[in-house]
Amino acid sequence: MTALALSLPLLLAQPAGAAVANEAPAEPAPDAAAAPAPAEPARTEAAASEPNIIAAPGIDPAPGDVDSGRIDGRRRPGQDPRLPDRITQENAGALRAPPPEAFPADQIPIPDRWRLIQSLGVVKERWFDPYHQNTYKGDRPIDREKVKWLPITGEDWFFVANLVSDTVVEPRSFPIPVGIQYPERPGSNDVFGKDSSLVLSQTFIGGVALIKGQTAYKPPDIEYRVTLAYNMNYARVPERRLLYVEPSRGRTRFDDFLGVQEAFIDYHLHNSSDRYDFHSIRVGIQQFQADFRGFLFNDNQLGFRLFGNRDNNRFQYNLSAWWRLEKDTNSGLNDVTQGLRKDWIFHANLYRQDFPFVGLTSELSATVNINREGGDVEIDDNGFPVRPALIGNLKGRDYDVAYIGYGVDGRLGRLNLTAFAYAALGEDRNNVFTGREAEIRAYFGAAELSYDKDWMRFRLSGLYATGDDDPFDDTEKGFDAIFENPIFAGADTSYWIRQAVPFIGGGRAIGLTGRNGVLNSLRSSKEQGQSNFINPGTMLLGAGGDFDITPQLRISANANHLWFENTKVLETLRSEGSIPKAIGWDLSAAAVWRPKATQNLVFRLSAATLRPGGGFRDLFTNFDRNRAYYSVLANVILSY
């Protein structure tokens, strides 16, 4: 075990009232004496014979009493030979500093910081207390004598347990189609019906990890981690054939599912410097985010990842390969009971701190998505087809697409900046409109600029994703991600990002957008469907602010305006001559309250509304002819 050495400095104190002594310079060390002395001006014999006199404070020395020459090892402080007045300090009741001999001059080695704290009795450990030092939270190494059944050897093993309760209550409204043959109310033969619905969701997340290493000073030597999530969800909608493909199953649904969100081994290969630059590998189900804000790929998937850093952490890198798992339809959790998808992702990125400017971190990335699900037929848990998507010629698709990306994240003086851009280049083996092979040429860019003023942060956001201008040519220009989950423009407080809007008419079981996504991708499902590069694209301009009213309370507000980049695909699917580009205004506000000023207990309440623009009104007109849609999110998170 590497001992942690604590060096205690010597504190020197001069007793009050001690006289100022005029001491001769110390003898030089042998090696110092061998060095040539600096040249000095010659001193007269008379001056050399005069004594060194330092006058007492307040007494002017006689001109002849001052030695004008130099003294070895000393330097005159200016032309005035008088010493300054003595500094005095009155500090009634203060303890005098101990003498120097009270402190050891050598370093004192101790085994580690955890046993020191325990020996001093500074913290009394309680297993249920998440706020103080706790062995079950990885603050102290485990006592191997108490867990002899664990197959571990050596010292410095830590056990970490995490428990999270995530509760969601979500009333909302969005355009809902009416099943013509099976309407809920007689006479409801419009394409769109009632739009209000309710979702209740409760998720319990439990994770354990066994880690070897000192954790705080260097990367762990090895880590084993498993995280399970159990979700229960209830949904109620006003129309049939929305929750289930069979209209007889009604307008409510309760479902539950247990998913494996993490199960990996992390092994530390070696350190490449004495500053703990390192290389490690991680194999198994793990979380990964391809860019700063989750625009392209942000998910927990099965993968192999080689990662590390160099040059005192100024460079970081990732080399990874992913084999996508199927998702449960209603919870979105990983379903390891099903076979793996024929969908592979290869990703490499490189981060450089303080480039191109000090305070900014640059990321250069290359991601390849290879999909071979053209011959598959996948039906989700509610009976709706998800592969192939029921759009165009309804045929399966194989595609290869490479995403080349560059972005920055950090500060420029007082400004905070995050920006990322992607080019999607590849080949689709089956254009869903022509059945021919087509090239993929799509582009994406997003940026968020913010400014901090005391307890306030003001934000500006912009996003541009290209849309396809001709679905019948041999080039697909609509940008789509692999699995987006953006932390951008208000994130899931935003109506457009939080809610999935179904595309009704021209495609069955197709979403204009996906839940927790900003792109208008026209996919069957973000979780189970395939990427689609024939879509109308997305444009967004927004402004917002975060206001820390107290250390426990934050208020946020966002206003985003959205457009379709090109509506030609929508016009083709709906057989309409023209559709305006304006989607509308997305207005939202949220309050986050942390009563303990920590992340262990978080209450969040947000509300959002979509004020439809010309394009959205042209696509969707509901039963009640509503002019706006709403989303309310009440969320409580308890963490241990």
# chains A, B, ... in the order shown; residues from 1 in each chain; ligands from 1

call {"tool": "residues_around", "arguments": {"residues": "segment 422-439 of chain A", "least_positions_apart": "2", "cutoff": "7 Å", "atoms": "only C-alpha atoms", "output": "number ranges by chain"}}
result
A: 392-395, 397-406, 420, 441-445, 471-472, 474-476

call {"tool": "residues_around", "arguments": {"residues": "Glu571 of chain A", "least_positions_apart": "4", "cutoff": "10 Å", "atoms": "only C-alpha atoms", "output": "list of chain:residue names"}}
result
A:Gly506, A:Pro536, A:Asn566, A:Thr567, A:Ser575, A:Glu576, A:Gly577, A:Ser578, A:Ile579, A:Pro580, A:Leu619

call {"tool": "residues_around", "arguments": {"residues": "Gly478 of chain A", "least_positions_apart": "3", "cutoff": "8 Å", "atoms": "only C-alpha atoms", "output": "NGL selection string"}}
result
:A and (441-443 or 465-468 or 521 or 532-537)

call {"tool": "write_last_selection", "arguments": {"atoms": "N, CA and C atoms", "output": "tab-separated table (two decimals), in the first residue's frame"}}
result
chain	number	residue	atom	x	y	z
A	441	ARG	N	-26.23	12.75	-47.81
A	441	ARG	CA	-25.46	13.98	-47.71
A	441	ARG	C	-26.26	14.95	-46.84
A	442	ALA	N	-26.05	14.90	-45.55
A	442	ALA	CA	-26.85	15.72	-44.63
A	442	ALA	C	-25.92	16.42	-43.64
A	443	TYR	N	-26.40	17.55	-43.07
A	443	TYR	CA	-25.52	18.37	-42.24
A	443	TYR	C	-26.29	18.91	-41.04
A	465	ALA	N	-30.57	21.74	-38.93
A	465	ALA	CA	-30.41	20.39	-39.47
A	465	ALA	C	-31.06	20.37	-40.85
A	466	THR	N	-30.30	19.98	-41.86
A	466	THR	CA	-30.79	20.04	-43.23
A	466	THR	C	-31.96	19.09	-43.44
A	467	GLY	N	-32.85	19.48	-44.37
A	467	GLY	CA	-33.98	18.65	-44.77
A	467	GLY	C	-33.85	18.23	-46.22
A	468	ASP	N	-34.62	17.24	-46.63
A	468	ASP	CA	-34.55	16.73	-48.00
A	468	ASP	C	-35.48	17.56	-48.89
A	521	SER	N	-37.48	13.74	-37.58
A	521	SER	CA	-36.83	12.65	-38.30
A	521	SER	C	-37.80	11.71	-39.02
A	532	ASN	N	-33.59	7.85	-40.36
A	532	ASN	CA	-34.26	8.19	-41.61
A	532	ASN	C	-33.72	9.51	-42.13
A	533	PHE	N	-33.11	9.48	-43.31
A	533	PHE	CA	-32.47	10.67	-43.86
A	533	PHE	C	-33.31	11.35	-44.94
A	534	ILE	N	-34.58	10.93	-45.04
A	534	ILE	CA	-35.53	11.66	-45.90
A	534	ILE	C	-36.55	12.28	-44.95
A	535	ASN	N	-36.25	13.48	-44.50
A	535	ASN	CA	-37.10	14.16	-43.51
A	535	ASN	C	-37.07	15.66	-43.77
A	536	PRO	N	-37.94	16.43	-43.11
A	536	PRO	CA	-38.04	17.87	-43.41
A	536	PRO	C	-36.98	18.73	-42.74
A	537	GLY	N	-36.10	18.16	-41.91
A	537	GLY	CA	-35.08	18.97	-41.25
A	537	GLY	C	-35.67	19.85	-40.16

call {"tool": "residues_around", "arguments": {"residues": "Ser525 of chain A", "least_positions_apart": "5", "cutoff": "8 Å", "atoms": "only C-alpha atoms", "output": "MDAnalysis selection string"}}
result
chainID A and resid 386 510:511 514 530

call {"tool": "write_last_selection", "arguments": {"atoms": "C-alpha atoms", "output": "PDB file, in the first residue's frame"}}
result
ATOM      1  CA  VAL A 386     -41.228  -0.411 -36.000  1.00  0.00           C
ATOM      2  CA  ILE A 510     -44.593   7.403 -37.667  1.00  0.00           C
ATOM      3  CA  GLY A 511     -43.471  10.214 -35.377  1.00  0.00           C
ATOM      4  CA  GLY A 514     -39.334  11.404 -30.965  1.00  0.00           C
ATOM      5  CA  GLN A 530     -33.931   3.059 -37.917  1.00  0.00           C
TER       6      GLN A 530
END

call {"tool": "residues_around", "arguments": {"residues": "Ser331 of chain A", "least_positions_apart": "3", "cutoff": "10 Å", "atoms": "only C-alpha atoms", "output": "PyMOL selection string"}}
result
chain A and resi 201-203+229-233+255-259+327-328+334

call {"tool": "write_last_selection", "arguments": {"atoms": "C-alpha atoms", "output": "short mmCIF file (atom, residue, chain, number, x, y, z; two decimals), in the first residue's frame"}}
result
data_model
loop_
_atom_site.label_atom_id
_atom_site.label_comp_id
_atom_site.auth_asym_id
_atom_site.auth_seq_id
_atom_site.Cartn_x
_atom_site.Cartn_y
_atom_site.Cartn_z
CA SER A 201 -43.99 6.84 -14.31
CA GLN A 202 -42.02 5.48 -11.37
CA THR A 203 -38.45 4.24 -11.82
CA ALA A 229 -33.65 -0.05 -13.39
CA TYR A 230 -37.24 -1.08 -12.67
CA ASN A 231 -39.96 1.06 -14.25
CA MET A 232 -43.73 1.12 -13.75
CA ASN A 233 -45.74 3.34 -16.08
CA ASP A 255 -46.81 -1.72 -17.87
CA ASP A 256 -43.64 -2.52 -15.95
CA PHE A 257 -40.17 -3.64 -16.91
CA LEU A 258 -36.75 -4.42 -15.41
CA GLY A 259 -33.82 -3.25 -17.52
CA LYS A 327 -35.25 -1.44 -25.98
CA ASP A 328 -38.45 -2.06 -24.08
CA ASN A 334 -32.49 -2.05 -22.23
#

call {"tool": "residues_around", "arguments": {"residues": "segment 480-488 of chain A", "least_positions_apart": "5", "cutoff": "8 Å", "atoms": "only C-alpha atoms", "output": "VMD selection string"}}
result
chain A and resid 293 to 299 369 448 461 516 to 519 521 526 to 527 531 to 533

call {"tool": "residues_around", "arguments": {"residues": "segment 159-169 of chain A", "least_positions_apart": "6", "cutoff": "8 Å", "atoms": "only C-alpha atoms", "output": "list in words"}}
result
Thr135, Tyr136, Lys137, Gly138, Pro141, Ile142, Leu198, Val199, Leu200, Ser201, Gln202, Thr203, Phe204, Ile205, Gly206, Gly207, Val208, Ala209, Leu210, Ile211, Leu633, Ala634, Asn635, Val636, Ile637, Leu638, Ser639 and Tyr640 of chain A
